[in-house]
Structure formats: structure tokens, C-alpha cells
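A.B. asks: Dropping in start_11.cif, with mmCIF, C-alpha atoms and all ligand atoms.
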data_run
loop_
_atom_site.group_PDB
_atom_site.id
_atom_site.type_symbol
_atom_site.label_atom_id
_atom_site.label_comp_id
_atom_site.auth_asym_id
_atom_site.auth_seq_id
_atom_site.Cartn_x
_atom_site.Cartn_y
_atom_site.Cartn_z
ATOM 1 C CA MET A 24 -9.383 8.055 -10.324
ATOM 2 C CA ASN A 25 -8.076 10.325 -7.615
ATOM 3 C CA LYS A 26 -5.203 9.402 -5.336
ATOM 4 C CA ILE A 27 -7.316 9.238 -2.192
ATOM 5 C CA LYS A 28 -9.671 6.707 -3.850
ATOM 6 C CA ILE A 29 -6.706 4.644 -5.065
ATOM 7 C CA MET A 30 -5.142 4.541 -1.624
ATOM 8 C CA GLU A 31 -8.489 3.667 -0.048
ATOM 9 C CA ALA A 32 -8.668 0.737 -2.469
ATOM 10 C CA SER A 33 -5.228 -0.241 -1.202
ATOM 11 C CA VAL A 34 -6.434 -0.131 2.409
ATOM 12 C CA ARG A 35 -9.279 -2.474 1.397
ATOM 13 C CA LYS A 36 -6.864 -4.836 -0.349
ATOM 14 C CA TRP A 37 -4.839 -5.196 2.880
ATOM 15 C CA GLU A 38 -8.023 -5.511 4.944
ATOM 16 C CA ARG A 39 -8.938 -8.543 2.811
ATOM 17 C CA ILE A 40 -5.452 -10.010 3.239
ATOM 18 C CA ILE A 41 -5.635 -9.516 7.039
ATOM 19 C CA ALA A 42 -9.057 -11.190 7.059
ATOM 20 C CA GLY A 43 -7.513 -14.155 5.212
ATOM 21 C CA LYS A 44 -9.874 -13.630 2.296
ATOM 22 C CA SER A 45 -7.273 -12.581 -0.207
ATOM 23 C CA SER A 46 -3.627 -12.882 -1.146
ATOM 24 C CA ASP A 47 -1.100 -10.310 -2.266
ATOM 25 C CA GLY A 48 -0.238 -10.432 -5.951
ATOM 26 C CA GLY A 49 2.219 -7.556 -5.626
ATOM 27 C CA VAL A 50 2.292 -5.250 -8.623
ATOM 28 C CA ILE A 51 -0.514 -7.159 -10.323
ATOM 29 C CA ASP A 52 -3.199 -6.429 -7.767
ATOM 30 C CA CYS A 53 -1.861 -3.336 -6.025
ATOM 31 C CA PRO A 54 -4.259 -0.500 -6.904
ATOM 32 C CA PRO A 55 -1.631 2.269 -7.131
ATOM 33 C CA CYS A 56 0.880 -0.004 -8.922
ATOM 34 C CA ARG A 57 -1.673 -0.758 -11.598
ATOM 35 C CA ILE A 58 -1.811 2.918 -12.421
ATOM 36 C CA TYR A 59 1.637 4.215 -11.585
ATOM 37 C CA TYR A 60 4.050 1.318 -11.730
ATOM 38 C CA MET A 61 4.522 0.730 -15.447
ATOM 39 C CA LEU A 62 8.264 0.160 -15.379
ATOM 40 C CA PHE A 63 9.270 3.264 -13.578
ATOM 41 C CA CYS A 64 7.047 3.724 -10.547
ATOM 42 C CA ILE A 65 6.337 7.392 -11.188
ATOM 43 C CA GLY A 66 3.700 9.451 -9.435
ATOM 44 C CA CYS A 67 2.496 6.750 -7.063
ATOM 45 C CA PRO A 68 1.142 8.218 -3.808
ATOM 46 C CA ILE A 69 3.217 5.685 -1.820
ATOM 47 C CA ALA A 70 6.435 6.732 -3.607
ATOM 48 C CA GLU A 71 5.543 10.396 -3.104
ATOM 49 C CA TYR A 72 4.956 9.773 0.581
ATOM 50 C CA THR A 73 8.150 7.785 1.248
ATOM 51 C CA GLY A 74 10.270 9.687 -1.259
ATOM 52 C CA LYS A 75 11.437 6.297 -2.565
ATOM 53 C CA LYS A 76 10.364 4.176 -5.483
ATOM 54 C CA PHE A 77 9.146 0.582 -5.590
ATOM 55 C CA CYS A 78 7.663 0.697 -2.098
ATOM 56 C CA ARG A 79 11.051 1.067 -0.421
ATOM 57 C CA GLY A 80 10.595 2.838 2.900
ATOM 58 C CA SER A 81 7.158 1.239 3.366
ATOM 59 C CA PRO A 82 6.385 -1.893 5.426
ATOM 60 C CA TYR A 83 6.079 -3.829 2.154
ATOM 61 C CA GLY A 84 9.722 -4.958 2.303
ATOM 62 C CA GLY A 85 9.186 -6.691 5.656
ATOM 63 C CA TRP A 86 6.089 -8.470 4.346
ATOM 64 C CA TYR A 87 7.777 -9.431 1.091
ATOM 65 C CA TRP A 88 10.959 -10.881 2.591
ATOM 66 C CA HIS A 89 9.096 -12.691 5.343
ATOM 67 C CA GLN A 90 6.877 -14.283 2.684
ATOM 68 C CA ASN A 91 9.891 -15.194 0.570
ATOM 69 C CA ASP A 92 12.158 -16.480 3.331
ATOM 70 C CA ASP A 93 9.656 -18.185 5.635
ATOM 71 C CA HIS A 94 6.896 -19.344 3.293
ATOM 72 C CA GLY A 95 8.136 -19.132 -0.291
ATOM 73 C CA TYR A 96 4.772 -19.543 -2.012
ATOM 74 C CA LEU A 97 3.857 -17.708 -5.153
ATOM 75 C CA ARG A 98 0.691 -16.416 -3.494
ATOM 76 C CA LYS A 99 1.528 -14.133 -0.617
ATOM 77 C CA LYS A 100 -1.080 -14.294 2.082
ATOM 78 C CA VAL A 101 -1.410 -14.636 5.849
ATOM 79 C CA PHE A 102 0.148 -17.961 6.906
ATOM 80 C CA CYS A 103 1.359 -17.196 10.437
ATOM 81 C CA PRO A 104 1.164 -14.529 13.167
ATOM 82 C CA GLU A 105 4.186 -12.712 11.761
ATOM 83 C CA CYS A 106 2.452 -12.435 8.372
ATOM 84 C CA LEU A 107 -0.474 -10.857 10.156
ATOM 85 C CA GLU A 108 1.812 -8.293 11.787
ATOM 86 C CA HIS A 109 3.360 -7.321 8.457
ATOM 87 C CA ALA A 110 -0.011 -7.156 6.695
ATOM 88 C CA THR A 111 -1.426 -5.020 9.513
ATOM 89 C CA ALA A 112 1.580 -2.680 9.308
ATOM 90 C CA MET A 113 0.982 -2.364 5.572
ATOM 91 C CA ARG A 114 -2.738 -1.643 6.063
ATOM 92 C CA ASP A 115 -1.930 0.971 8.709
ATOM 93 C CA PHE A 116 0.640 2.556 6.419
ATOM 94 C CA MET A 117 -1.938 2.791 3.614
ATOM 95 C CA ILE A 118 -4.343 4.471 6.078
ATOM 96 C CA GLU A 119 -1.561 6.892 7.064
ATOM 97 C CA ILE A 120 -1.144 7.869 3.398
ATOM 98 C CA VAL A 121 -4.914 8.309 2.928
ATOM 99 C CA GLU A 122 -4.940 10.635 5.956
ATOM 100 C CA HIS A 123 -1.923 12.494 4.599
ATOM 101 C CA LEU A 124 -3.563 12.956 1.175
ATOM 102 C CA LYS A 125 -6.808 14.122 2.792
ATOM 103 C CA ALA A 126 -4.917 16.654 4.915
ATOM 104 C CA LYS A 127 -3.095 17.929 1.826
ATOM 105 C CA LYS A 128 -6.365 18.194 -0.084
ATOM 106 C CA ALA A 129 -8.000 20.080 2.792
ATOM 107 C CA GLU A 130 -5.082 22.524 2.744
ATOM 108 C CA LYS A 131 -5.476 23.075 -0.983
ATOM 109 C CA ASP A 132 -9.219 23.620 -0.653
ATOM 110 C CA GLU A 133 -8.456 26.109 2.092
ATOM 111 C CA ASP A 134 -6.107 28.012 -0.219
ATOM 112 C CA LYS A 135 -8.757 28.176 -2.909
ATOM 113 C CA ARG A 136 -11.203 29.813 -0.536
ATOM 114 C CA GLN A 137 -8.808 32.640 0.373
HETATM 115 ZN ZN ZN B 1 4.371 -15.792 8.009
#
Take the structure from the file and write it as C-alpha cells.
C.D. replies:
Amino acid sequence: MNKIKIMEASVRKWERIIAGKSSDGGVIDCPPCRIYYMLFCIGCPIAEYTGKKFCRGSPYGGWYWHQNDDHGYLRKKVFCPECLEHATAMRDFMIEIVEHLKAKKAEKDEDKRQ
């Protein structure tokens, strides 16, 4: 699977969470984590984009701690307006990475043509 497809799957995951149709299972149902996480978080497009491992530097921390501190359920999903803000930030961040990967790919394709 290519990185753009993986990150698009991640956008869809957050779309479902925003729509209240799904919950966040963290590593278990995060498309890039399932491929890159293992124990080391190597090669994940999110880590490459932020330059940090384990989703540090992404909006995930805000979502995670809000879920932990204000809701505390095992299943992380949209419970209140603040949840929605964090989930939307996460979705937008995933879109940002998709755009970034597409731009990088376009550059590479451009190089090949020269
Ligand atoms: Zn909340």
C-alpha cells in the first residue's frame, strides 16, 4: 500500500469519528500505525511529517488527553463539542499530510521526466 492511500484511509477514519459513526482505537485501528507502529514507529508518514515519533507534534495529543481527562472511556469517540474540535483538527492534519505527500510525489514525477 502506498503512503498516500494509507493517509487517505486515515482521513476517512477521522471523518467517521467526526460523523459519530466510529470511535478511535488508537494504534489498533490507525491505518498507518497498523503498518508502521510495531514497537518503534518507524517510517510512518505522520512521523516523517512531524519529525517526531508516536504522533507527537500532531493534534493527536490534544484529542488523547481530552478523552482521558474529561471522558475516560476505553472507546475514544465524539462525546462533546471539544471532542469534535480535536477530531476535526486531526482530520485536517491527515489531509495536510496527504497534500504534502501528493506534492512530494508530483515533484518526484517531475524529476523523472527531465
Ligand atoms: Zn469531549
A.B. asks: Residue by residue, what does the PyMOL selection byres (((chain A and resi 35-46) around 10) and not hetatm) grab here? Present the result as a compact mmCIF listing (two decimals) with C-alpha atoms, in the coordinates of the input.
C.D. replies:
# COMPACT_ATOMS: atom_id res chain seq x y z
CA ILE A 29 -6.71 4.64 -5.07
CA MET A 30 -5.14 4.54 -1.62
CA GLU A 31 -8.49 3.67 -0.05
CA ALA A 32 -8.67 0.74 -2.47
CA SER A 33 -5.23 -0.24 -1.20
CA VAL A 34 -6.43 -0.13 2.41
CA ASP A 47 -1.10 -10.31 -2.27
CA GLY A 48 -0.24 -10.43 -5.95
CA GLY A 49 2.22 -7.56 -5.63
CA ASP A 52 -3.20 -6.43 -7.77
CA CYS A 53 -1.86 -3.34 -6.02
CA PRO A 54 -4.26 -0.50 -6.90
CA LEU A 97 3.86 -17.71 -5.15
CA ARG A 98 0.69 -16.42 -3.49
CA LYS A 99 1.53 -14.13 -0.62
CA LYS A 100 -1.08 -14.29 2.08
CA VAL A 101 -1.41 -14.64 5.85
CA PHE A 102 0.15 -17.96 6.91
CA CYS A 106 2.45 -12.44 8.37
CA LEU A 107 -0.47 -10.86 10.16
CA GLU A 108 1.81 -8.29 11.79
CA HIS A 109 3.36 -7.32 8.46
CA ALA A 110 -0.01 -7.16 6.70
CA THR A 111 -1.43 -5.02 9.51
CA ALA A 112 1.58 -2.68 9.31
CA MET A 113 0.98 -2.36 5.57
CA ARG A 114 -2.74 -1.64 6.06
CA ASP A 115 -1.93 0.97 8.71
CA MET A 117 -1.94 2.79 3.61
CA ILE A 118 -4.34 4.47 6.08
A.B. asks: Please, which residues have at least one atom within 7 Å of an atom of ligand ZN 1 (chain B), using only C-alpha atoms and all ligand atoms, listed as a list in words?
C.D. replies: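 So the residues close to ligand ZN 1 (chain B) are His89, Gln90, Asp93, His94, Val101, Phe102, Cys103, Pro104, Glu105 and Cys106 of chain A.
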A.B. asks: Carefully work through the PyMOL selection byres (((chain A and resi 125-127) around 12) and not hetatm) for this structure and note down the residues it includes, as a list of chain:residue names.
C.D. replies: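 Checked against the file, the PyMOL selection byres (((chain A and resi 125-127) around 12) and not hetatm) matches A:Asn25, A:Lys26, A:Ile27, A:Lys28, A:Met30, A:Glu31, A:Pro68, A:Tyr72, A:Ile118, A:Glu119, A:Ile120, A:Val121, A:Glu122, A:His123, A:Leu124, A:Lys128, A:Ala129, A:Glu130, A:Lys131, A:Asp132, A:Glu133, A:Asp134.
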A.B. asks: So the first atom is atom CA of Lys135 of chain A and the second is atom CA of Phe116 of chain A; what is the distance between them in Å, to one decimal place?
C.D. replies: 28.8 Å
A.B. asks: May I have the centre and edge lengths, in Å to one decimal, of an axis-aligned box around the listed atoms of segment 71-80 of chain A with 8 Å added to every side, as JSON?
C.D. replies:
{"center_x": 8.2, "center_y": 5.5, "center_z": -1.3, "size_x": 22.5, "size_y": 25.8, "size_z": 24.5}
A.B. asks: Which residues would end up in the selection if the PyMOL selection byres (((chain A and resi 64) around 12) and not hetatm) were applied here, given that I need the answer as an MDAnalysis selection string?
C.D. replies: chainID A and resid 50 55:63 65:71 74:79
